[in-house]
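Student: Enclosed is the structure file data-v8.pdb (PDB, C-alpha atoms).
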MODEL        1
ATOM      1  CA  MET C  25     -81.423 -52.031 -85.041
ATOM      2  CA  HIS C  26     -78.715 -54.653 -85.370
ATOM      3  CA  GLN C  27     -78.143 -54.486 -81.599
ATOM      4  CA  LEU C  28     -81.820 -55.271 -80.995
ATOM      5  CA  ALA C  29     -81.586 -58.385 -83.171
ATOM      6  CA  LYS C  30     -78.437 -59.429 -81.291
ATOM      7  CA  ALA C  31     -80.138 -58.984 -77.903
ATOM      8  CA  LEU C  32     -83.145 -61.001 -79.079
ATOM      9  CA  GLY C  33     -80.916 -63.735 -80.475
ATOM     10  CA  GLU C  34     -78.988 -63.983 -77.226
ATOM     11  CA  LYS C  35     -82.204 -64.368 -75.229
ATOM     12  CA  ILE C  36     -83.369 -67.114 -77.592
ATOM     13  CA  ARG C  37     -80.024 -68.900 -77.230
ATOM     14  CA  VAL C  38     -80.151 -68.707 -73.417
ATOM     15  CA  GLN C  39     -83.708 -70.095 -73.332
ATOM     16  CA  ARG C  40     -82.829 -72.843 -75.821
ATOM     17  CA  LYS C  41     -79.865 -73.990 -73.763
ATOM     18  CA  ALA C  42     -81.901 -73.807 -70.540
ATOM     19  CA  ARG C  43     -84.393 -76.197 -72.154
ATOM     20  CA  GLY C  44     -81.589 -78.526 -73.215
ATOM     21  CA  LEU C  45     -82.398 -78.181 -76.899
ATOM     22  CA  SER C  46     -79.875 -78.205 -79.684
ATOM     23  CA  GLN C  47     -80.051 -75.510 -82.317
ATOM     24  CA  ASP C  48     -81.047 -78.224 -84.813
ATOM     25  CA  ALA C  49     -83.930 -79.409 -82.620
ATOM     26  CA  LEU C  50     -85.217 -75.876 -82.109
ATOM     27  CA  ALA C  51     -85.010 -75.118 -85.827
ATOM     28  CA  LEU C  52     -86.843 -78.328 -86.712
ATOM     29  CA  SER C  53     -89.620 -77.652 -84.194
ATOM     30  CA  CYS C  54     -90.001 -74.083 -85.457
ATOM     31  CA  LYS C  55     -89.964 -75.169 -89.103
ATOM     32  CA  VAL C  56     -86.988 -73.019 -90.030
ATOM     33  CA  ASP C  57     -83.666 -73.986 -91.550
ATOM     34  CA  ARG C  58     -80.913 -74.790 -89.035
ATOM     35  CA  SER C  59     -78.570 -72.211 -90.552
ATOM     36  CA  TYR C  60     -81.319 -69.583 -90.324
ATOM     37  CA  MET C  61     -81.767 -70.386 -86.624
ATOM     38  CA  GLY C  62     -78.040 -69.790 -86.186
ATOM     39  CA  ARG C  63     -78.378 -66.424 -87.901
ATOM     40  CA  ILE C  64     -81.294 -65.560 -85.595
ATOM     41  CA  GLU C  65     -79.247 -66.408 -82.504
ATOM     42  CA  ARG C  66     -76.296 -64.354 -83.770
ATOM     43  CA  GLY C  67     -78.587 -61.387 -84.462
ATOM     44  CA  GLU C  68     -77.870 -61.343 -88.169
ATOM     45  CA  VAL C  69     -81.546 -61.250 -89.221
ATOM     46  CA  ASN C  70     -84.752 -59.570 -88.109
ATOM     47  CA  ILE C  71     -87.454 -62.158 -87.533
ATOM     48  CA  THR C  72     -91.179 -61.838 -88.052
ATOM     49  CA  ILE C  73     -93.668 -61.791 -85.198
ATOM     50  CA  GLU C  74     -94.894 -65.178 -86.429
ATOM     51  CA  LYS C  75     -91.412 -66.684 -85.998
ATOM     52  CA  LEU C  76     -91.054 -65.067 -82.577
ATOM     53  CA  TYR C  77     -94.295 -66.737 -81.449
ATOM     54  CA  ARG C  78     -93.270 -70.068 -82.989
ATOM     55  CA  ILE C  79     -89.913 -69.978 -81.191
ATOM     56  CA  ALA C  80     -91.520 -68.952 -77.895
ATOM     57  CA  SER C  81     -94.072 -71.757 -78.180
ATOM     58  CA  THR C  82     -91.328 -74.320 -78.755
ATOM     59  CA  LEU C  83     -89.328 -72.915 -75.833
ATOM     60  CA  GLU C  84     -92.488 -72.947 -73.690
ATOM     61  CA  CYS C  85     -92.233 -69.284 -72.775
ATOM     62  CA  GLU C  86     -94.056 -66.057 -73.488
ATOM     63  CA  PRO C  87     -92.851 -64.191 -76.588
ATOM     64  CA  LYS C  88     -92.348 -61.049 -74.500
ATOM     65  CA  SER C  89     -89.827 -62.891 -72.326
ATOM     66  CA  LEU C  90     -87.549 -63.169 -75.356
ATOM     67  CA  LEU C  91     -87.624 -59.434 -76.051
ATOM     68  CA  PRO C  92     -85.073 -57.094 -74.465
ATOM     69  CA  GLU C  93     -86.336 -55.018 -71.541
ATOM     70  CA  THR C  94     -87.250 -51.370 -72.186
ATOM     71  CA  LEU C  95     -84.195 -50.130 -70.283
ATOM     72  CA  GLN C  96     -81.991 -52.349 -72.404
ATOM     73  CA  LEU C  97     -83.620 -50.913 -75.548
ATOM     74  CA  HIS C  98     -82.636 -47.392 -74.483
ATOM     75  CA  GLU C  99     -79.076 -48.577 -73.892
ATOM     76  CA  LEU C 100     -79.014 -50.241 -77.308
ATOM     77  CA  ALA C 101     -80.327 -47.074 -78.953
ATOM     78  CA  SER C 102     -77.692 -44.911 -77.277
ATOM     79  CA  ASP C 103     -74.967 -47.373 -78.320
ATOM     80  CA  CYS C 104     -76.087 -46.978 -81.932
ATOM     81  CA  SER C 105     -76.189 -43.175 -81.786
ATOM     82  CA  GLU C 106     -72.631 -43.005 -80.424
ATOM     83  CA  LYS C 107     -71.257 -44.828 -83.477
TER
ENDMDL
END
Is it possible to give me this structure as structure tokens?
Tutor:
Amino acid sequence: MHQLAKALGEKIRVQRKARGLSQDALALSCKVDRSYMGRIERGEVNITIEKLYRIASTLECEPKSLLPETLQLHELASDCSEK
């Protein structure tokens, strides 16, 4: 599951940078602590659906666009089972 959180965090980071937002600005807009936003982007925490929607709204994208693709999920699952 950790790999899923990392993939989600990476997608959030890519979208944030594409929008020209700092991590601080994104955290403030989403009403989360800046350090927590860093943990989200590093995949250290599992976020709630509510936070996913809040982040997507701030990034002006659909929440599903931040989720890893199904194929990527299978790859992540097989990576976990090999360990």
Student: So which residues get picked by the PyMOL selection byres ((chain C and resi 31) around 10) here, written as number ranges by chain?
Tutor: C: 26-30, 32-37, 65-67, 90-93, 96-97, 100
Student: Can you tell me, as a VMD selection string, what residues are no more than 10 Å from Ala49 in chain C when counting all atoms listed in the file, ignoring any on the same chain fewer than 5 positions away?
Tutor: chain C and resid 40 44 54 to 55 58 82
Student: Please produce a file of those selected residues containing C-alpha atoms, as a PDB file, in the coordinates of the input.
Tutor:
ATOM      1  CA  ARG C  40     -82.829 -72.843 -75.821  1.00  0.00           C
ATOM      2  CA  GLY C  44     -81.589 -78.526 -73.215  1.00  0.00           C
ATOM      3  CA  CYS C  54     -90.001 -74.083 -85.457  1.00  0.00           C
ATOM      4  CA  LYS C  55     -89.964 -75.169 -89.103  1.00  0.00           C
ATOM      5  CA  ARG C  58     -80.913 -74.790 -89.035  1.00  0.00           C
ATOM      6  CA  THR C  82     -91.328 -74.320 -78.755  1.00  0.00           C
TER       7      THR C  82
END
Student: What gap, in Å, lies between CA of Lys88 in chain C and CA of Leu52 in chain C?
Tutor: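 CA of Lys88 in chain C sits 21.9 Å away from CA of Leu52 in chain C.
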Student: What is the distance, in Å and to one decimal place, between CA of Leu83 in chain C and CA of Leu50 in chain C?
Tutor: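 Between CA of Leu83 in chain C and CA of Leu50 in chain C the gap works out to 8.1 Å.
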Student: Could you tell me how far CA of Tyr60 in chain C sits from CA of Gln47 in chain C, in Å to one decimal place?
Tutor: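 Separating CA of Gln47 in chain C from CA of Tyr60 in chain C is a distance of 10.0 Å.
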Student: Pick the closest to Gly62 in chain C from C:Ile79, C:Val38, C:Asp48, C:Glu74: which is it, counting only C-alpha atoms?
Tutor: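 Between C:Ile79, C:Val38, C:Asp48, C:Glu74, the residue approaching Gly62 in chain C most closely is C:Asp48.
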Student: Generate N, CA, C and O atoms for range 44-55 of chain C and emit them as a PDB file, in the frame of the given file.
Tutor:
ATOM      1  N   GLY C  44     -82.365 -77.361 -72.788  1.00  0.00           N
ATOM      2  CA  GLY C  44     -81.589 -78.526 -73.215  1.00  0.00           C
ATOM      3  C   GLY C  44     -81.807 -78.900 -74.669  1.00  0.00           C
ATOM      4  O   GLY C  44     -81.635 -80.060 -75.046  1.00  0.00           O
ATOM      5  N   LEU C  45     -82.173 -77.919 -75.476  1.00  0.00           N
ATOM      6  CA  LEU C  45     -82.398 -78.181 -76.899  1.00  0.00           C
ATOM      7  C   LEU C  45     -81.173 -77.808 -77.720  1.00  0.00           C
ATOM      8  O   LEU C  45     -80.515 -76.807 -77.434  1.00  0.00           O
ATOM      9  N   SER C  46     -80.918 -78.584 -78.739  1.00  0.00           N
ATOM     10  CA  SER C  46     -79.875 -78.205 -79.684  1.00  0.00           C
ATOM     11  C   SER C  46     -80.459 -77.182 -80.643  1.00  0.00           C
ATOM     12  O   SER C  46     -81.688 -77.039 -80.775  1.00  0.00           O
ATOM     13  N   GLN C  47     -79.594 -76.471 -81.328  1.00  0.00           N
ATOM     14  CA  GLN C  47     -80.051 -75.510 -82.317  1.00  0.00           C
ATOM     15  C   GLN C  47     -80.830 -76.228 -83.422  1.00  0.00           C
ATOM     16  O   GLN C  47     -81.838 -75.725 -83.908  1.00  0.00           O
ATOM     17  N   ASP C  48     -80.355 -77.428 -83.795  1.00  0.00           N
ATOM     18  CA  ASP C  48     -81.047 -78.224 -84.813  1.00  0.00           C
ATOM     19  C   ASP C  48     -82.464 -78.576 -84.378  1.00  0.00           C
ATOM     20  O   ASP C  48     -83.407 -78.470 -85.161  1.00  0.00           O
ATOM     21  N   ALA C  49     -82.610 -79.018 -83.127  1.00  0.00           N
ATOM     22  CA  ALA C  49     -83.930 -79.409 -82.620  1.00  0.00           C
ATOM     23  C   ALA C  49     -84.880 -78.217 -82.580  1.00  0.00           C
ATOM     24  O   ALA C  49     -86.057 -78.338 -82.947  1.00  0.00           O
ATOM     25  N   LEU C  50     -84.382 -77.069 -82.150  1.00  0.00           N
ATOM     26  CA  LEU C  50     -85.217 -75.876 -82.109  1.00  0.00           C
ATOM     27  C   LEU C  50     -85.642 -75.479 -83.519  1.00  0.00           C
ATOM     28  O   LEU C  50     -86.816 -75.196 -83.770  1.00  0.00           O
ATOM     29  N   ALA C  51     -84.707 -75.477 -84.438  1.00  0.00           N
ATOM     30  CA  ALA C  51     -85.010 -75.118 -85.827  1.00  0.00           C
ATOM     31  C   ALA C  51     -86.060 -76.064 -86.416  1.00  0.00           C
ATOM     32  O   ALA C  51     -87.023 -75.614 -87.047  1.00  0.00           O
ATOM     33  N   LEU C  52     -85.901 -77.343 -86.188  1.00  0.00           N
ATOM     34  CA  LEU C  52     -86.843 -78.328 -86.712  1.00  0.00           C
ATOM     35  C   LEU C  52     -88.242 -78.097 -86.143  1.00  0.00           C
ATOM     36  O   LEU C  52     -89.233 -78.087 -86.875  1.00  0.00           O
ATOM     37  N   SER C  53     -88.324 -77.887 -84.842  1.00  0.00           N
ATOM     38  CA  SER C  53     -89.620 -77.652 -84.194  1.00  0.00           C
ATOM     39  C   SER C  53     -90.282 -76.371 -84.682  1.00  0.00           C
ATOM     40  O   SER C  53     -91.507 -76.284 -84.737  1.00  0.00           O
ATOM     41  N   CYS C  54     -89.475 -75.374 -85.003  1.00  0.00           N
ATOM     42  CA  CYS C  54     -90.001 -74.083 -85.457  1.00  0.00           C
ATOM     43  C   CYS C  54     -90.198 -74.014 -86.961  1.00  0.00           C
ATOM     44  O   CYS C  54     -90.628 -72.989 -87.493  1.00  0.00           O
ATOM     45  N   LYS C  55     -89.840 -75.093 -87.640  1.00  0.00           N
ATOM     46  CA  LYS C  55     -89.964 -75.169 -89.103  1.00  0.00           C
ATOM     47  C   LYS C  55     -89.159 -74.093 -89.820  1.00  0.00           C
ATOM     48  O   LYS C  55     -89.641 -73.425 -90.738  1.00  0.00           O
TER      49      LYS C  55
END
